[in-house]
Amino acid sequence: MKGIVLALCVVNICLLAIVPVNATVNEHEIQVDFTINTQEVSEKTVSTYRLYKENELVCEAEVPVGTQTFNCTFYTEDGTFNFYLAAYYTDETESLHSAPFPFTITTTDTSLKPGTEGSLDLTFSWETTSGTDIVSYRFYMNDTNVCESDNSSDTSIACKIDPLNEVMQFSMSSVSSVDGESAKSNILVLDPADYPQLFIKKSATFSWDYNADETDISGFQIYQNGNLICETSDSSARQLSCLINLSTSNSFKITAMENTGLETTASNVLIYNEDQTSTGSETLKAVLTTSSLNGVAPLTLTFDGTGSTGDISTYTWDFGDGDTASGTTTSHVYAYPGSYTTTLTVADAGGLTHQDSAVITVTEASSTPSDTDVPPEAVISSSSAIGEAPLTVQFDGSGSTATQTPISLYTWEFGDSSSATGSTVNHTFTAAGTYQTTLTITDSVGLTDQTSTPVLITDPPDSDNQVPIAAMTIQPESGQAPLNVTFNGSGSSDSDGSISDYQWGFGDGSTATGISVQHTFVNVADYTITLQVTDNQGAQTSTSKTVSVLAPGEIQLYFELGEVQVDNNWAQVSFDKDFIDPVVIAGPPLTSDSDPVTIRIRNVTATGFEVRLQEWDYQDDTHSTETFSFIAIEKGVYTLEDGRKVEAASFNGSSSFKKISLQQTYSKIPVILTQIVTANEANAVTGRVQNVVQDAFEFKLQEQETTKATHGAETVGYLAWEPGKGEILGVAYETGVTTQSINQDWFNLTFQTNFPETPLFIAEMQTSAGGDTAVLRLQSPLNTGVQVKVEEEQSKDSETKHVAEAVGYLAVGSTTGSTTTAPPSLEDQDKRFTFTWEYSVTSNVSGFRFYLNDSLLCESTNPDDRLFSCNAALLNNTMTFTMTAVFFDGSESAPSTLLSISPFDFPDLFGIRLVTFTWEFDSSQESLISGFQIFNNDTLICETTNTQNRQIVCETPINQNSNNFSIKAVELSGTKTNLSNTLLYNP
């Protein structure tokens with residue numbers, strides 16, 4: 001073993017974060033570097049090294065072999081001391097001390113210069129004196145120096161201070177190189193009572209544990225960012241509330257005061273950063289946006305302050321021309337040329353304010369009207385055209401156009417002696433009457449145009465009368481201008497009377513009356529359609545929908561998905577909403593019937609299509625019902641929100657492969673799905689795809705294998721969709737292409753999307769590796785995947801082996817995550833019911849009427865009709881549909897029942913679910929109750945008389961808007977207890 005002689009050669013002093021113990025003792029860390037002279041000493045092994053200050057052991061450390069440095073932390077006063085080093089052996093003996101190493105320890109002052117930290121910025125300004133001996137200026141708060149300027153030429157200085165909860169007297173002195181510091185001059189007095197926004201204190205409660213002997217301490221002190229904020233002399237206290245000013249970053253610590261006057265070191269520190277993102281504590285900030293920063297006089301501008309942050313109580317606008325306004329948004333007309341500074345001031349409840357400004361430049365008109373200038377065209381759309389007083393209507397003139405842009409002035413006259421300016425305005429009509437609202441617009445050269453729209457205001461109904469229900473259907477709801485739209489209000493009803501009047505407002509200034517009307521929209525805009533119905537006692541109510549009128553050539557992405565069950569007979573499928581020019585793709589079918597089969601579609605129109613299953617010509621063309629999915633999509637070229645490209649179109653198919661060029665080039669090879677949508681020739685036929693690339697694919701018609709003749713021309717619709725997964729119009733989708741591995745055996749295709757329910761599935765072969773006539777068949781659809789195979793027909797031979805093909809597919813289903821969207825309106829939940837009937841004698845019949853639970857639903861005015869569709873919302877009770885014939889004298893035949901359906905017979909259709917409810921209840925109170933009742937939206941849905949139950953399963957109708965479930969205990973008297981909580985469920 002080796003003995004050790006130590007030579008202490010270097011000591012580096014590094015100041016750590018200082019925790020005060022008393023006025024002169026501070027915590028220091030020193031780094032000890034040493035050299036080792038060794039000599040042979042038997043049976044000696046070094047355990048640790050010890051550092052002594054004078055004769056006091058201050059540190060002991062284990063040092064790895066080969067290391068000649070270590071750090072020690074200890075408390076000491078400032079001064080020059082001799083340090084010694086010794087080795088401590090495992091046999092509990094110590095080596096001789098090293099030679100002394102003298103070292104001076106000083107505490108570095110880490111405090112900031114006055115005026116460089118604090119929660120409040122103050123700027124002091126002054127005028128310089130004529131003397132040349134001034135070297136600096138000093139500033140005091142209650143005689144405490146807060147900041148100093150070392151530049152004699154300064155005339156202002158910014159200081160940061162922490163405000164006090166007392167009157168603050170600020171003073172200033174100058175420092176002369178000859179006379180020293182001058183007497184202080186008072187320059188500012190701040191009283192917290194006069195400036196509450198600067199002195200907002202918050203109450204903070206601190207709790208702590210202390211496990212040592214309470215008799216050794218005299219109390220506790222609490223520090224914020226190193227400053228004492230409050231204290232208690234109660235040694236048994238474990239909680240203390242203090243009034244504090246919160247900074248952006250706050251470090252709190254608690255120390256115990258020993259009886260000797262020393263403070264213990266804090267065992268932990270609490271860091272609190274003010275949350276600047278939460279609504280309740282956002283920084284007060286004004287944010288001003290405007291429709292334009294310049295224009296020609298008279299210039300109409302809209303201003304918006306909704307982007308401002310903080311707990312704002314008032315918005316005040318100053319337009320710089322003497323006019324003011326209030327509110328989150330406003331509009332203003334600058335009548336004359338000039339430069340104007342518009343200022344938005346926001347204020348909170350405590351009086352704190354913040355401002356934002358914008359400079360508006362208004363110029364004179366560049367020219368006067370000439371003979372070649374074209375007047376502007378004024379266009380009005382309104383949120384409502386009919387309603388009960390008081391009625392607030394929004395009028396929008398932003399659809400107006402001008403050749404000499406910009407439109408400099410929008411002036412509104414509401415017909416009730418009120419007026420306003422701005423492209424969009426709101427006005428409240430308070431009295432019954434018919435009012436013509438007129439918009440006048442002025443372009444940049446002074447030309448004007450004017451248009452008006454009527455608003456019908458009625459008195460509120462008699463409170464004893466039940467208000468009727470207004471309902472409308474619109475076909476179509478969108479399309480290219482000029483757009484002719486049919487409106488039907490026959491779904492409106494009155495529970496204690498009948499509907500006597502139907503008033504329509506089309507949002508473009510036009511109105512009409514009647515149960516069913518038509519209107520043509522010529523200008524591109526979104527129009528709010530309003531139907532007001534009046535019952536036989538004068539009560540009125542209204543409903544609204546939107547019609548979107550598109551520019552010629554413009555299209556909107558719209559599609560419908562569905563699942564149909566058909567056999568070999570043609571069946572009609574109706575769309576929920578009218579299309580302009582739809583493409584329909586369907587299949588593959590399931591395998592309830594194992595005979596080979598293909599899907600045929602014909603008569604695709606804006607409202608629906610016909611579909612059937614067709615067996616191959618060598619078969620008997622009788623096939624059992626199969627289920628399959630379809631998608632109908634508006635023809636067009638689209639780019640989805642996630643960047644993927646989609647297109648839908650059609651072409652003429654032939655019996656030989658023909659190249660079909662796509663309408664856009666794709667970054668990835670798209671999935672191609674096709675469908676023959678005509679039945680020009682009776683023979684069974686399918687389509688085959690091959691050579692799919694980024695801008696084209698090849699397609700041919702294919703009859704059964706034994707047919708030698710070519711098939712006649714058919715129209716073929718196709719859908720091209722880049723592979724991937726995402727969401728579109730609120731539903732999840734996945735498109736992809738398998739490897740070339742699908743043949744006559746069932747193949748497990750697994751989805752990459754976590755669909756919560758089984759999605760609708762459409763697929764087609766993307767290759768033609770096998771030449772035999774074949775289609776795809778489907779089985780075992782699940783939310784995780786499906787099984788798919790290639791099915792050959794057997795007209796030539798019974799062999800069905802097929803060369804492996806690649807399959808492209810589209811799966812569409814519910815979204816996997818919850819999203820916050822507006823609940824659908826009642827009309828959006830309508831289902832389309834299609835009725836067929838027989839009626840022999842029609843010579844005295846003018847039409848037919850259809851009723852739902854004895855309320856008029858819709859009517860046909862064509863006596864030759866034998867098929868008619870109506871929209872109706874699903875009810876949570878039995879729905880009975882009846883029909884009458886309407887004679888020329890207005891009378892009706894006795895009603896005939898067409899259909900009666902119950903929610904409990906069709907739970908999936910009506911949204912009825914088995915729901916399990918569990919709850920807690922104090923068992924000691926069971927003797928005081930008779931059972932429990934379950935409510936949805938305050939309607940009783942099920943109950944139990946077993947007071948020990950804590951769970952029940954109910955057949956529950958699910959409301960598509962919102963479901964508020966609650967559970968109540970029923971007392972022996974029949975009184976229901978108050979709710980302890982509710983469960984809100986939005987489908």
# chains A, B, ... in the order shown; residues from 1 in each chain; ligands from 1
call {"tool": "residues_around", "arguments": {"residues": "Phe81 of chain A", "least_positions_apart": "3", "cutoff": "9 Å", "atoms": "only C-alpha atoms", "output": "PyMOL selection string"}}
result
chain A and resi 53-54+101-105
call {"tool": "write_last_selection", "arguments": {"atoms": "all heavy atoms", "output": "tab-separated table (two decimals), in the first residue's frame"}}
result
chain	number	residue	atom	x	y	z
A	53	LYS	N	-10.21	24.62	7.00
A	53	LYS	CA	-10.01	26.07	7.01
A	53	LYS	C	-9.49	26.44	8.39
A	53	LYS	O	-10.22	26.28	9.38
A	53	LYS	CB	-11.33	26.81	6.73
A	53	LYS	CG	-11.14	28.33	6.56
A	53	LYS	CD	-12.48	29.06	6.59
A	53	LYS	CE	-12.96	29.13	8.04
A	53	LYS	NZ	-14.15	30.01	8.19
A	54	GLU	N	-8.21	26.91	8.42
A	54	GLU	CA	-7.50	27.03	9.70
A	54	GLU	C	-7.52	25.64	10.34
A	54	GLU	O	-7.06	24.69	9.74
A	54	GLU	CB	-8.15	28.11	10.56
A	54	GLU	CG	-8.18	29.50	9.92
A	54	GLU	CD	-6.79	30.05	9.61
A	54	GLU	OE1	-5.78	29.54	10.11
A	54	GLU	OE2	-6.73	31.02	8.82
A	101	PHE	N	-2.26	26.80	2.61
A	101	PHE	CA	-2.47	27.56	1.37
A	101	PHE	C	-3.35	28.75	1.71
A	101	PHE	O	-4.55	28.62	1.96
A	101	PHE	CB	-3.15	26.71	0.31
A	101	PHE	CG	-3.28	27.39	-1.03
A	101	PHE	CD1	-2.27	27.26	-1.98
A	101	PHE	CD2	-4.38	28.19	-1.32
A	101	PHE	CE1	-2.37	27.89	-3.20
A	101	PHE	CE2	-4.48	28.84	-2.53
A	101	PHE	CZ	-3.47	28.69	-3.48
A	102	PRO	N	-2.77	29.96	1.80
A	102	PRO	CA	-3.59	31.15	2.16
A	102	PRO	C	-4.48	31.56	0.97
A	102	PRO	O	-4.03	31.55	-0.18
A	102	PRO	CB	-2.53	32.20	2.47
A	102	PRO	CG	-1.33	31.80	1.68
A	102	PRO	CD	-1.33	30.28	1.62
A	103	PHE	N	-5.74	31.90	1.26
A	103	PHE	CA	-6.66	32.32	0.19
A	103	PHE	C	-7.68	33.31	0.75
A	103	PHE	O	-8.15	33.16	1.89
A	103	PHE	CB	-7.39	31.13	-0.41
A	103	PHE	CG	-8.04	31.45	-1.72
A	103	PHE	CD1	-7.32	31.37	-2.90
A	103	PHE	CD2	-9.37	31.84	-1.78
A	103	PHE	CE1	-7.91	31.67	-4.11
A	103	PHE	CE2	-9.96	32.15	-2.98
A	103	PHE	CZ	-9.23	32.05	-4.16
A	104	THR	N	-8.00	34.32	-0.02
A	104	THR	CA	-8.94	35.35	0.39
A	104	THR	C	-10.31	35.08	-0.21
A	104	THR	O	-10.43	34.90	-1.43
A	104	THR	CB	-8.46	36.75	-0.03
A	104	THR	OG1	-7.20	37.00	0.56
A	104	THR	CG2	-9.47	37.81	0.39
A	105	ILE	N	-11.33	35.01	0.62
A	105	ILE	CA	-12.72	34.76	0.17
A	105	ILE	C	-13.50	36.06	0.27
A	105	ILE	O	-13.50	36.72	1.32
A	105	ILE	CB	-13.39	33.67	1.02
A	105	ILE	CG1	-12.69	32.32	0.78
A	105	ILE	CG2	-14.88	33.57	0.69
A	105	ILE	CD1	-13.27	31.19	1.59
call {"tool": "residues_around", "arguments": {"residues": "Thr424 of chain A", "least_positions_apart": "5", "cutoff": "7 Å", "atoms": "only C-alpha atoms", "output": "PDB file with all heavy atoms, in the first residue's frame"}}
result
ATOM      1  N   PHE A 395     -78.076  42.937 -43.134  1.00  0.00           N
ATOM      2  CA  PHE A 395     -78.091  43.235 -44.563  1.00  0.00           C
ATOM      3  C   PHE A 395     -76.651  43.256 -45.077  1.00  0.00           C
ATOM      4  O   PHE A 395     -75.774  43.859 -44.455  1.00  0.00           O
ATOM      5  CB  PHE A 395     -78.759  44.582 -44.836  1.00  0.00           C
ATOM      6  CG  PHE A 395     -80.207  44.638 -44.433  1.00  0.00           C
ATOM      7  CD1 PHE A 395     -80.584  45.156 -43.206  1.00  0.00           C
ATOM      8  CD2 PHE A 395     -81.195  44.148 -45.276  1.00  0.00           C
ATOM      9  CE1 PHE A 395     -81.914  45.204 -42.824  1.00  0.00           C
ATOM     10  CE2 PHE A 395     -82.531  44.191 -44.906  1.00  0.00           C
ATOM     11  CZ  PHE A 395     -82.894  44.714 -43.671  1.00  0.00           C
ATOM     12  N   ASP A 396     -76.423  42.600 -46.207  1.00  0.00           N
ATOM     13  CA  ASP A 396     -75.072  42.465 -46.765  1.00  0.00           C
ATOM     14  C   ASP A 396     -75.070  42.982 -48.199  1.00  0.00           C
ATOM     15  O   ASP A 396     -75.783  42.469 -49.053  1.00  0.00           O
ATOM     16  CB  ASP A 396     -74.634  40.999 -46.725  1.00  0.00           C
ATOM     17  CG  ASP A 396     -73.164  40.823 -47.061  1.00  0.00           C
ATOM     18  OD1 ASP A 396     -72.553  41.775 -47.569  1.00  0.00           O
ATOM     19  OD2 ASP A 396     -72.634  39.726 -46.821  1.00  0.00           O
ATOM     20  N   GLY A 397     -74.279  44.032 -48.435  1.00  0.00           N
ATOM     21  CA  GLY A 397     -74.150  44.572 -49.782  1.00  0.00           C
ATOM     22  C   GLY A 397     -72.815  44.265 -50.417  1.00  0.00           C
ATOM     23  O   GLY A 397     -72.478  44.831 -51.466  1.00  0.00           O
ATOM     24  N   SER A 398     -72.024  43.345 -49.794  1.00  0.00           N
ATOM     25  CA  SER A 398     -70.679  43.069 -50.288  1.00  0.00           C
ATOM     26  C   SER A 398     -70.685  42.347 -51.629  1.00  0.00           C
ATOM     27  O   SER A 398     -69.656  42.249 -52.289  1.00  0.00           O
ATOM     28  CB  SER A 398     -69.894  42.248 -49.257  1.00  0.00           C
ATOM     29  OG  SER A 398     -70.549  41.020 -48.989  1.00  0.00           O
TER      30      SER A 398
END
call {"tool": "select_by_dssp", "arguments": {"residues": "segment 868-986 of chain A", "states": "strand (DSSP E)", "output": "JSON, numbers by chain"}}
result
{"A": [868, 869, 870, 871, 872, 873, 879, 880, 881, 882, 883, 884, 885, 886, 887, 896, 897, 898, 899, 900, 901, 912, 913, 914, 915, 916, 917, 918, 929, 930, 931, 932, 933, 934, 935, 936, 939, 940, 941, 942, 943, 944, 951, 952, 953, 954, 955, 956, 957, 963, 964, 965, 966, 967, 968, 969, 970, 971, 982, 983, 984, 985]}
call {"tool": "atom_distance", "arguments": {"atom1": "atom CA of Leu122 of chain A", "atom2": "atom CA of Gly310 of chain A"}}
result
22.8 Å
call {"tool": "residues_around", "arguments": {"residues": "Leu749 of chain A", "least_positions_apart": "5", "cutoff": "9 Å", "atoms": "only C-alpha atoms", "output": "ChimeraX atom specification"}}
result
/A:738,784-788
call {"tool": "residues_around", "arguments": {"residues": "Glu615 of chain A", "least_positions_apart": "5", "cutoff": "9 Å", "atoms": "only C-alpha atoms", "output": "MDAnalysis selection string"}}
result
chainID A and resid 568 595:599 620:623 684
call {"tool": "residues_around", "arguments": {"residues": "Ser384 of chain A", "least_positions_apart": "3", "cutoff": "8 Å", "atoms": "only C-alpha atoms", "output": "VMD selection string"}}
result
chain A and resid 387 393 to 394 455 505 507 528 to 530 544
call {"tool": "write_last_selection", "arguments": {"atoms": "N, CA and C atoms", "output": "PDB file, in the first residue's frame"}}
result
ATOM      1  N   GLY A 387     -90.556  38.171 -40.168  1.00  0.00           N
ATOM      2  CA  GLY A 387     -90.427  37.791 -38.773  1.00  0.00           C
ATOM      3  C   GLY A 387     -91.274  38.652 -37.868  1.00  0.00           C
ATOM      4  N   VAL A 393     -82.233  42.154 -38.395  1.00  0.00           N
ATOM      5  CA  VAL A 393     -81.880  41.618 -39.713  1.00  0.00           C
ATOM      6  C   VAL A 393     -80.486  42.111 -40.085  1.00  0.00           C
ATOM      7  N   GLN A 394     -79.677  41.206 -40.615  1.00  0.00           N
ATOM      8  CA  GLN A 394     -78.375  41.601 -41.145  1.00  0.00           C
ATOM      9  C   GLN A 394     -78.503  41.780 -42.652  1.00  0.00           C
ATOM     10  N   VAL A 455     -89.003  43.866 -46.137  1.00  0.00           N
ATOM     11  CA  VAL A 455     -88.966  43.128 -44.879  1.00  0.00           C
ATOM     12  C   VAL A 455     -90.351  43.222 -44.263  1.00  0.00           C
ATOM     13  N   GLY A 505     -89.359  34.687 -48.378  1.00  0.00           N
ATOM     14  CA  GLY A 505     -88.387  35.732 -48.683  1.00  0.00           C
ATOM     15  C   GLY A 505     -87.122  35.079 -49.208  1.00  0.00           C
ATOM     16  N   GLY A 507     -84.109  36.511 -49.986  1.00  0.00           N
ATOM     17  CA  GLY A 507     -82.826  37.083 -49.641  1.00  0.00           C
ATOM     18  C   GLY A 507     -82.228  37.982 -50.693  1.00  0.00           C
ATOM     19  N   THR A 528     -80.072  33.769 -47.994  1.00  0.00           N
ATOM     20  CA  THR A 528     -80.818  33.203 -46.871  1.00  0.00           C
ATOM     21  C   THR A 528     -82.296  33.190 -47.228  1.00  0.00           C
ATOM     22  N   ILE A 529     -82.854  32.002 -47.328  1.00  0.00           N
ATOM     23  CA  ILE A 529     -84.264  31.821 -47.686  1.00  0.00           C
ATOM     24  C   ILE A 529     -85.080  31.728 -46.399  1.00  0.00           C
ATOM     25  N   THR A 530     -86.130  32.512 -46.297  1.00  0.00           N
ATOM     26  CA  THR A 530     -86.965  32.527 -45.096  1.00  0.00           C
ATOM     27  C   THR A 530     -88.393  32.149 -45.456  1.00  0.00           C
ATOM     28  N   SER A 544     -85.303  29.211 -41.753  1.00  0.00           N
ATOM     29  CA  SER A 544     -84.421  29.704 -42.814  1.00  0.00           C
ATOM     30  C   SER A 544     -83.475  28.617 -43.282  1.00  0.00           C
TER      31      SER A 544
END
